[in-house]
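To keep things clear, I will list the structure first and then write my remarks on it.
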Amino acid sequence: MNIVVTSLKGGVGKSTTSIYLAAAAVERGYDPVTLVDADPQASAAEWLEIWPVEGITVVEAPSERTALRAMGRVEGVGIVDTPPGSERLAQSAVGAADVVVIPTRAGGVEYSRVTATLELIPAATPRGVIICAARRGTNDLEAAIDWWKSQKVEVWGVIPERVGIASGPEARLSREGLTEYDAVLRRALRGWR
Ligand SMILES: Nc1ncnc2c1ncn2[C@@H]1O[C@H](COP(=O)(O)OP(=O)(O)OP(=O)(O)O)[C@@H](O)[C@H]1O
Ligand SMILES: [Mg+2]
């Protein structure tokens, strides 16, 4: 199965989410787990090159064609990280996805880009948004959760803002991040079955 992590918006947490979901899948016993990095910037691949996670195989697939081919070859669980701003690649990837996870942030400016992303997904494909780098207890977060509820879009997770979860090759994966993203993975797998 392929879980595609996508949003037309940049810098929302796609790569961070992809890496943590792949690591959570390994911890759940899925084997093999493939991280398909469809972003030419290869930030997920770079991070895992510096801090490899045993059980995750990284496939760099920086184009629509290579990404679709890599997704077709996935056995077990595939997590697909996508670049911002390439509607074409995003559309192809979500078209071939079993489940779609859309990272977003709390705050009103986000909604239109997420809605545009949602419109790319085939009607029958399970999807959920997750709110990344969230500040629990803030009005912004409450408003975002209420908004998605009102739009009948499932919120599969609220990942707190933490230095330890922040991506970038400076640090290995944090235990808190793994726990938070394990809950997202559970929701995604439930959506699929
Ligand atoms: N839970 C979190 N807490 C704190 N910072 C976070 C969290 N999740 C992501 N970030 C930070 O937000 C920034 C964007 O994250 P990330 O690179 O995963 O987003 P992206 O959507 O893949 O970006 P791009 O569109 O450039 O590919 C990074 O600096 C990352 O460290
Ligand atoms: Mg990224």
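Residue numbering restarts at 1 for every chain of the structure tokens, chains are lettered A, B, ... in their displayed order, and ligands are numbered from 1 as they appear.
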
So that each row is one residue of chain A with an atom at most 9 Å from ligand 1, can you give its shortest atom pair and the distance in Å to one decimal, using only C-alpha atoms and all ligand atoms, rows by chain and rising number, as a tab-separated table?
```
residue	atom	partner	partner_atom_place_in_ligand_line	distance
A:Thr6	CA	ligand 1	21 (O)	7.9
A:Ser7	CA	ligand 1	21 (O)	7.3
A:Leu8	CA	ligand 1	25 (O)	8.0
A:Lys9	CA	ligand 1	25 (O)	6.3
A:Gly10	CA	ligand 1	25 (O)	3.1
A:Gly11	CA	ligand 1	23 (O)	3.3
A:Val12	CA	ligand 1	21 (O)	3.9
A:Gly13	CA	ligand 1	18 (O)	3.3
A:Lys14	CA	ligand 1	22 (O)	3.7
A:Ser15	CA	ligand 1	22 (O)	3.7
A:Thr16	CA	ligand 1	18 (O)	3.7
A:Thr17	CA	ligand 1	18 (O)	6.2
A:Ser18	CA	ligand 1	18 (O)	7.9
A:Ile19	CA	ligand 1	18 (O)	8.6
A:Asp39	CA	ligand 1	27 (O)	7.1
A:Gln41	CA	ligand 1	27 (O)	7.6
A:Ala42	CA	ligand 1	27 (O)	8.5
A:Ser43	CA	ligand 1	17 (O)	7.2
A:Ala44	CA	ligand 1	22 (O)	8.0
A:Asp81	CA	ligand 1	22 (O)	7.5
A:Thr82	CA	ligand 1	27 (O)	7.1
A:Pro83	CA	ligand 1	27 (O)	5.2
A:Pro84	CA	ligand 1	25 (O)	4.5
A:Gly85	CA	ligand 1	25 (O)	7.9
A:Pro103	CA	ligand 1	21 (O)	7.3
A:Thr104	CA	ligand 1	21 (O)	8.4
A:Ile131	CA	ligand 1	1 (N)	8.7
A:Cys132	CA	ligand 1	1 (N)	5.2
A:Ala133	CA	ligand 1	1 (N)	3.7
A:Ala134	CA	ligand 1	1 (N)	6.8
A:Val158	CA	ligand 1	1 (N)	8.7
A:Ile159	CA	ligand 1	1 (N)	5.2
A:Pro160	CA	ligand 1	1 (N)	5.1
A:Glu161	CA	ligand 1	3 (N)	3.4
A:Arg162	CA	ligand 1	3 (N)	4.0
A:Val163	CA	ligand 1	4 (C)	5.2
A:Gly164	CA	ligand 1	3 (N)	7.2
A:Ile165	CA	ligand 1	2 (C)	5.0
A:Ala166	CA	ligand 1	31 (O)	3.2
A:Ser167	CA	ligand 1	31 (O)	3.7
A:Gly168	CA	ligand 1	31 (O)	6.0
A:Gly177	CA	ligand 1	1 (N)	7.4
```

Output file for the residues above (N, CA and C atoms, as a short mmCIF file (atom, residue, chain, number, x, y, z; two decimals), in the first residue's frame):
```cif
data_model
loop_
_atom_site.label_atom_id
_atom_site.label_comp_id
_atom_site.auth_asym_id
_atom_site.auth_seq_id
_atom_site.Cartn_x
_atom_site.Cartn_y
_atom_site.Cartn_z
N THR A 6 1.04 14.74 0.93
CA THR A 6 1.10 15.82 -0.05
C THR A 6 0.35 17.05 0.39
N SER A 7 0.76 18.17 -0.17
CA SER A 7 0.02 19.43 -0.07
C SER A 7 0.61 20.33 -1.12
N LEU A 8 -0.22 21.13 -1.74
CA LEU A 8 0.30 22.07 -2.72
C LEU A 8 1.09 23.18 -2.02
N LYS A 9 0.88 23.31 -0.72
CA LYS A 9 1.57 24.35 0.04
C LYS A 9 2.94 23.86 0.49
N GLY A 10 3.92 24.73 0.43
CA GLY A 10 5.26 24.39 0.87
C GLY A 10 5.46 24.61 2.36
N GLY A 11 6.43 23.90 2.91
CA GLY A 11 6.87 24.15 4.28
C GLY A 11 5.87 23.83 5.36
N VAL A 12 4.95 22.89 5.09
CA VAL A 12 3.92 22.59 6.09
C VAL A 12 4.27 21.38 6.96
N GLY A 13 5.24 20.59 6.51
CA GLY A 13 5.60 19.40 7.29
C GLY A 13 5.50 18.09 6.52
N LYS A 14 5.49 18.16 5.20
CA LYS A 14 5.38 16.93 4.39
C LYS A 14 6.55 15.98 4.63
N SER A 15 7.76 16.52 4.53
CA SER A 15 8.94 15.64 4.65
C SER A 15 9.07 15.10 6.06
N THR A 16 8.84 15.95 7.05
CA THR A 16 8.89 15.51 8.44
C THR A 16 7.87 14.39 8.66
N THR A 17 6.66 14.62 8.16
CA THR A 17 5.59 13.63 8.31
C THR A 17 5.95 12.32 7.61
N SER A 18 6.51 12.41 6.41
CA SER A 18 6.86 11.20 5.65
C SER A 18 7.87 10.35 6.41
N ILE A 19 8.90 11.01 6.93
CA ILE A 19 9.95 10.27 7.63
C ILE A 19 9.39 9.60 8.89
N ASP A 39 10.53 14.42 -4.15
CA ASP A 39 10.91 15.84 -4.18
C ASP A 39 12.35 15.96 -4.67
N GLN A 41 14.34 18.14 -4.21
CA GLN A 41 15.20 18.66 -3.15
C GLN A 41 15.71 17.56 -2.22
N ALA A 42 15.02 16.42 -2.25
CA ALA A 42 15.46 15.21 -1.53
C ALA A 42 15.76 15.45 -0.06
N SER A 43 14.94 16.26 0.60
CA SER A 43 15.25 16.54 2.01
C SER A 43 15.02 15.31 2.89
N ALA A 44 14.01 14.51 2.57
CA ALA A 44 13.78 13.30 3.36
C ALA A 44 14.91 12.31 3.14
N ASP A 81 6.80 11.03 -0.20
CA ASP A 81 6.95 12.47 0.07
C ASP A 81 6.92 13.20 -1.26
N THR A 82 6.17 14.29 -1.32
CA THR A 82 6.01 15.01 -2.59
C THR A 82 6.52 16.45 -2.45
N PRO A 83 6.91 17.04 -3.58
CA PRO A 83 7.40 18.42 -3.53
C PRO A 83 6.25 19.41 -3.48
N PRO A 84 6.49 20.61 -3.00
CA PRO A 84 5.46 21.65 -3.06
C PRO A 84 5.38 22.18 -4.49
N GLY A 85 4.23 22.69 -4.85
CA GLY A 85 4.16 23.46 -6.09
C GLY A 85 4.08 22.68 -7.37
N PRO A 103 -0.52 17.19 5.38
CA PRO A 103 -0.07 18.03 6.49
C PRO A 103 -0.51 19.47 6.27
N THR A 104 -0.88 20.12 7.35
CA THR A 104 -1.27 21.52 7.25
C THR A 104 -0.88 22.21 8.55
N ILE A 131 -2.53 18.43 11.51
CA ILE A 131 -2.10 19.79 11.80
C ILE A 131 -0.73 19.71 12.46
N CYS A 132 0.28 20.22 11.74
CA CYS A 132 1.68 20.08 12.17
C CYS A 132 2.13 21.31 12.96
N ALA A 133 3.12 21.10 13.78
CA ALA A 133 3.73 22.18 14.57
C ALA A 133 2.65 23.00 15.27
N ALA A 134 1.71 22.28 15.89
CA ALA A 134 0.55 22.93 16.49
C ALA A 134 0.84 23.35 17.92
N VAL A 158 -2.88 15.85 15.44
CA VAL A 158 -2.39 17.19 15.77
C VAL A 158 -0.99 16.97 16.35
N ILE A 159 0.01 17.37 15.58
CA ILE A 159 1.40 17.14 16.00
C ILE A 159 1.91 18.42 16.67
N PRO A 160 2.33 18.32 17.92
CA PRO A 160 2.75 19.54 18.62
C PRO A 160 4.03 20.14 18.04
N GLU A 161 4.17 21.44 18.22
CA GLU A 161 5.39 22.12 17.79
C GLU A 161 6.51 21.76 18.77
N ARG A 162 7.54 21.13 18.25
CA ARG A 162 8.65 20.70 19.10
C ARG A 162 9.95 20.81 18.33
N VAL A 163 10.95 21.34 18.98
CA VAL A 163 12.28 21.39 18.36
C VAL A 163 12.73 19.97 17.99
N GLY A 164 12.41 19.03 18.87
CA GLY A 164 12.86 17.65 18.66
C GLY A 164 12.21 16.97 17.47
N ILE A 165 11.05 17.47 17.02
CA ILE A 165 10.38 16.85 15.87
C ILE A 165 10.83 17.53 14.58
N ALA A 166 11.32 18.76 14.71
CA ALA A 166 11.69 19.54 13.52
C ALA A 166 12.64 18.75 12.63
N SER A 167 12.38 18.85 11.33
CA SER A 167 13.18 18.07 10.39
C SER A 167 14.54 18.72 10.20
N GLY A 168 15.31 18.10 9.39
CA GLY A 168 16.65 18.63 9.17
C GLY A 168 17.62 17.62 9.68
N GLY A 177 7.95 12.37 18.70
CA GLY A 177 7.46 12.42 17.32
C GLY A 177 6.98 11.06 16.85
#
```

List every residue of range 32-178 of chain A that DSSP, applied to the backbone of this structure, places in alpha helix (DSSP H), and write the result as a ChimeraX atom specification.
/A:43-50,64-72,87-95,111-118,139-150,175-178

Distance CA of Tyr20 in chain A-CA of Pro32 in chain A, one decimal place?
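It comes out at 15.4 Å.
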
So how far away is CA of Gly157 in chain A from CA of Ala183 in chain A, in Å?
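So the two atoms, CA of Ala183 in chain A and CA of Gly157 in chain A, lie 7.2 Å apart.
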
CA of Ile56 in chain A to CA of Arg28 in chain A, distance in Å rounded to a single decimal:
12.4 Å

Within 8 Å of Leu185 in chain A, counting only C-alpha atoms, which residues show up once you throw out same-chain ones fewer than 3 positions away? Write them as a list of chain:residue names, please.
A:Leu21, A:Ala24, A:Ala25, A:Tyr181, A:Asp182, A:Ala188, A:Leu189

Mind checking which residues fall within 7 Å of range 2-4 of chain A, counting only C-alpha atoms, ignoring those fewer than 4 positions away in the same chain, and posting them as a ChimeraX atom specification?
/A:71,77-81,93-94,97-101

Atoms kept (C-alpha atoms) for selection, written as a compact mmCIF listing (two decimals), in the first residue's frame:
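Output file part29.txt is given in full below:
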```txt
# COMPACT_ATOMS: atom_id res chain seq x y z
CA MET A 71 5.01 3.46 -6.12
CA VAL A 77 4.17 -0.11 3.05
CA GLY A 78 5.31 2.83 0.92
CA ILE A 79 5.34 6.41 2.17
CA VAL A 80 5.57 8.99 -0.61
CA ASP A 81 6.95 12.47 0.07
CA ALA A 93 0.71 10.51 -6.90
CA VAL A 94 -2.66 10.90 -5.18
CA ALA A 97 -2.40 6.38 -3.61
CA ASP A 98 -4.22 3.99 -1.29
CA VAL A 99 -4.40 6.69 1.39
CA VAL A 100 -3.56 10.41 1.34
CA VAL A 101 -2.23 12.36 4.31
```

Give me, as a ChimeraX atom specification, all polymer residues having an atom no more than 12 Å from Pro40 in chain A, counting only C-alpha atoms and skipping those fewer than 5 positions away in the same chain.
/A:45-46,59-64,66-67,81-86,89

Give me a file of those residues, with N, CA and C atoms, as a PDB file, in the first residue's frame.
```
ATOM      1  N   ALA A  45      15.308  12.147   1.891  1.00  0.00           N
ATOM      2  CA  ALA A  45      16.407  11.215   1.582  1.00  0.00           C
ATOM      3  C   ALA A  45      17.697  11.655   2.271  1.00  0.00           C
ATOM      4  N   GLU A  46      17.908  12.960   2.265  1.00  0.00           N
ATOM      5  CA  GLU A  46      19.137  13.475   2.885  1.00  0.00           C
ATOM      6  C   GLU A  46      19.147  13.207   4.388  1.00  0.00           C
ATOM      7  N   VAL A  59      13.901   5.445  -1.738  1.00  0.00           N
ATOM      8  CA  VAL A  59      13.994   5.469  -3.198  1.00  0.00           C
ATOM      9  C   VAL A  59      13.819   6.913  -3.639  1.00  0.00           C
ATOM     10  N   GLU A  60      14.833   7.463  -4.274  1.00  0.00           N
ATOM     11  CA  GLU A  60      14.714   8.825  -4.791  1.00  0.00           C
ATOM     12  C   GLU A  60      14.056   8.771  -6.158  1.00  0.00           C
ATOM     13  N   ALA A  61      12.946   9.501  -6.302  1.00  0.00           N
ATOM     14  CA  ALA A  61      12.135   9.425  -7.525  1.00  0.00           C
ATOM     15  C   ALA A  61      11.621  10.828  -7.845  1.00  0.00           C
ATOM     16  N   PRO A  62      12.527  11.684  -8.334  1.00  0.00           N
ATOM     17  CA  PRO A  62      12.200  13.113  -8.403  1.00  0.00           C
ATOM     18  C   PRO A  62      11.434  13.560  -9.637  1.00  0.00           C
ATOM     19  N   SER A  63      10.554  12.715 -10.147  1.00  0.00           N
ATOM     20  CA  SER A  63       9.726  13.138 -11.279  1.00  0.00           C
ATOM     21  C   SER A  63       8.434  12.345 -11.232  1.00  0.00           C
ATOM     22  N   GLU A  64       7.456  12.824 -11.987  1.00  0.00           N
ATOM     23  CA  GLU A  64       6.175  12.122 -12.031  1.00  0.00           C
ATOM     24  C   GLU A  64       6.384  10.658 -12.458  1.00  0.00           C
ATOM     25  N   THR A  66       9.161   8.705 -12.446  1.00  0.00           N
ATOM     26  CA  THR A  66       9.909   7.853 -11.522  1.00  0.00           C
ATOM     27  C   THR A  66       9.113   7.611 -10.238  1.00  0.00           C
ATOM     28  N   ALA A  67       8.334   8.616  -9.826  1.00  0.00           N
ATOM     29  CA  ALA A  67       7.546   8.438  -8.603  1.00  0.00           C
ATOM     30  C   ALA A  67       6.480   7.358  -8.810  1.00  0.00           C
ATOM     31  N   ASP A  81       6.803  11.033  -0.202  1.00  0.00           N
ATOM     32  CA  ASP A  81       6.949  12.473   0.071  1.00  0.00           C
ATOM     33  C   ASP A  81       6.916  13.201  -1.264  1.00  0.00           C
ATOM     34  N   THR A  82       6.172  14.290  -1.319  1.00  0.00           N
ATOM     35  CA  THR A  82       6.011  15.011  -2.588  1.00  0.00           C
ATOM     36  C   THR A  82       6.521  16.455  -2.453  1.00  0.00           C
ATOM     37  N   PRO A  83       6.910  17.043  -3.577  1.00  0.00           N
ATOM     38  CA  PRO A  83       7.403  18.422  -3.529  1.00  0.00           C
ATOM     39  C   PRO A  83       6.245  19.408  -3.483  1.00  0.00           C
ATOM     40  N   PRO A  84       6.493  20.614  -3.003  1.00  0.00           N
ATOM     41  CA  PRO A  84       5.459  21.645  -3.061  1.00  0.00           C
ATOM     42  C   PRO A  84       5.383  22.181  -4.490  1.00  0.00           C
ATOM     43  N   GLY A  85       4.229  22.688  -4.848  1.00  0.00           N
ATOM     44  CA  GLY A  85       4.163  23.464  -6.086  1.00  0.00           C
ATOM     45  C   GLY A  85       4.077  22.676  -7.375  1.00  0.00           C
ATOM     46  N   SER A  86       4.140  21.330  -7.317  1.00  0.00           N
ATOM     47  CA  SER A  86       3.977  20.584  -8.561  1.00  0.00           C
ATOM     48  C   SER A  86       2.619  19.894  -8.552  1.00  0.00           C
ATOM     49  N   LEU A  89       2.544  16.459 -10.441  1.00  0.00           N
ATOM     50  CA  LEU A  89       3.084  15.303  -9.721  1.00  0.00           C
ATOM     51  C   LEU A  89       2.149  14.919  -8.572  1.00  0.00           C
TER      52      LEU A  89
END
```

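Using only C-alpha atoms, the smallest distance between any of A:Val129, A:Met1, A:Gly55, A:Trp148 and Ala96 in chain A comes from A:Met1.
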
For ligand 2, which of A:Ala90, A:Val58, A:Leu178, A:Val5 is the closest residue, counting only C-alpha atoms and all ligand atoms?
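Closest to ligand 2, using only C-alpha atoms and all ligand atoms: A:Val5.
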
Among the residues A:Asp140, A:Glu87, A:Glu154, A:Glu180, the one that comes closest to Ile102 in chain A [using only C-alpha atoms]
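Using only C-alpha atoms, Ile102 in chain A sits closest to A:Glu154.
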
Taking 5 positions as the minimum chain separation for residues in the same chain, which residues sit within 9 Å of Val53 in chain A when counting only C-alpha atoms? Answer as a PyMOL selection string.
chain A and resi 23+26+48+173
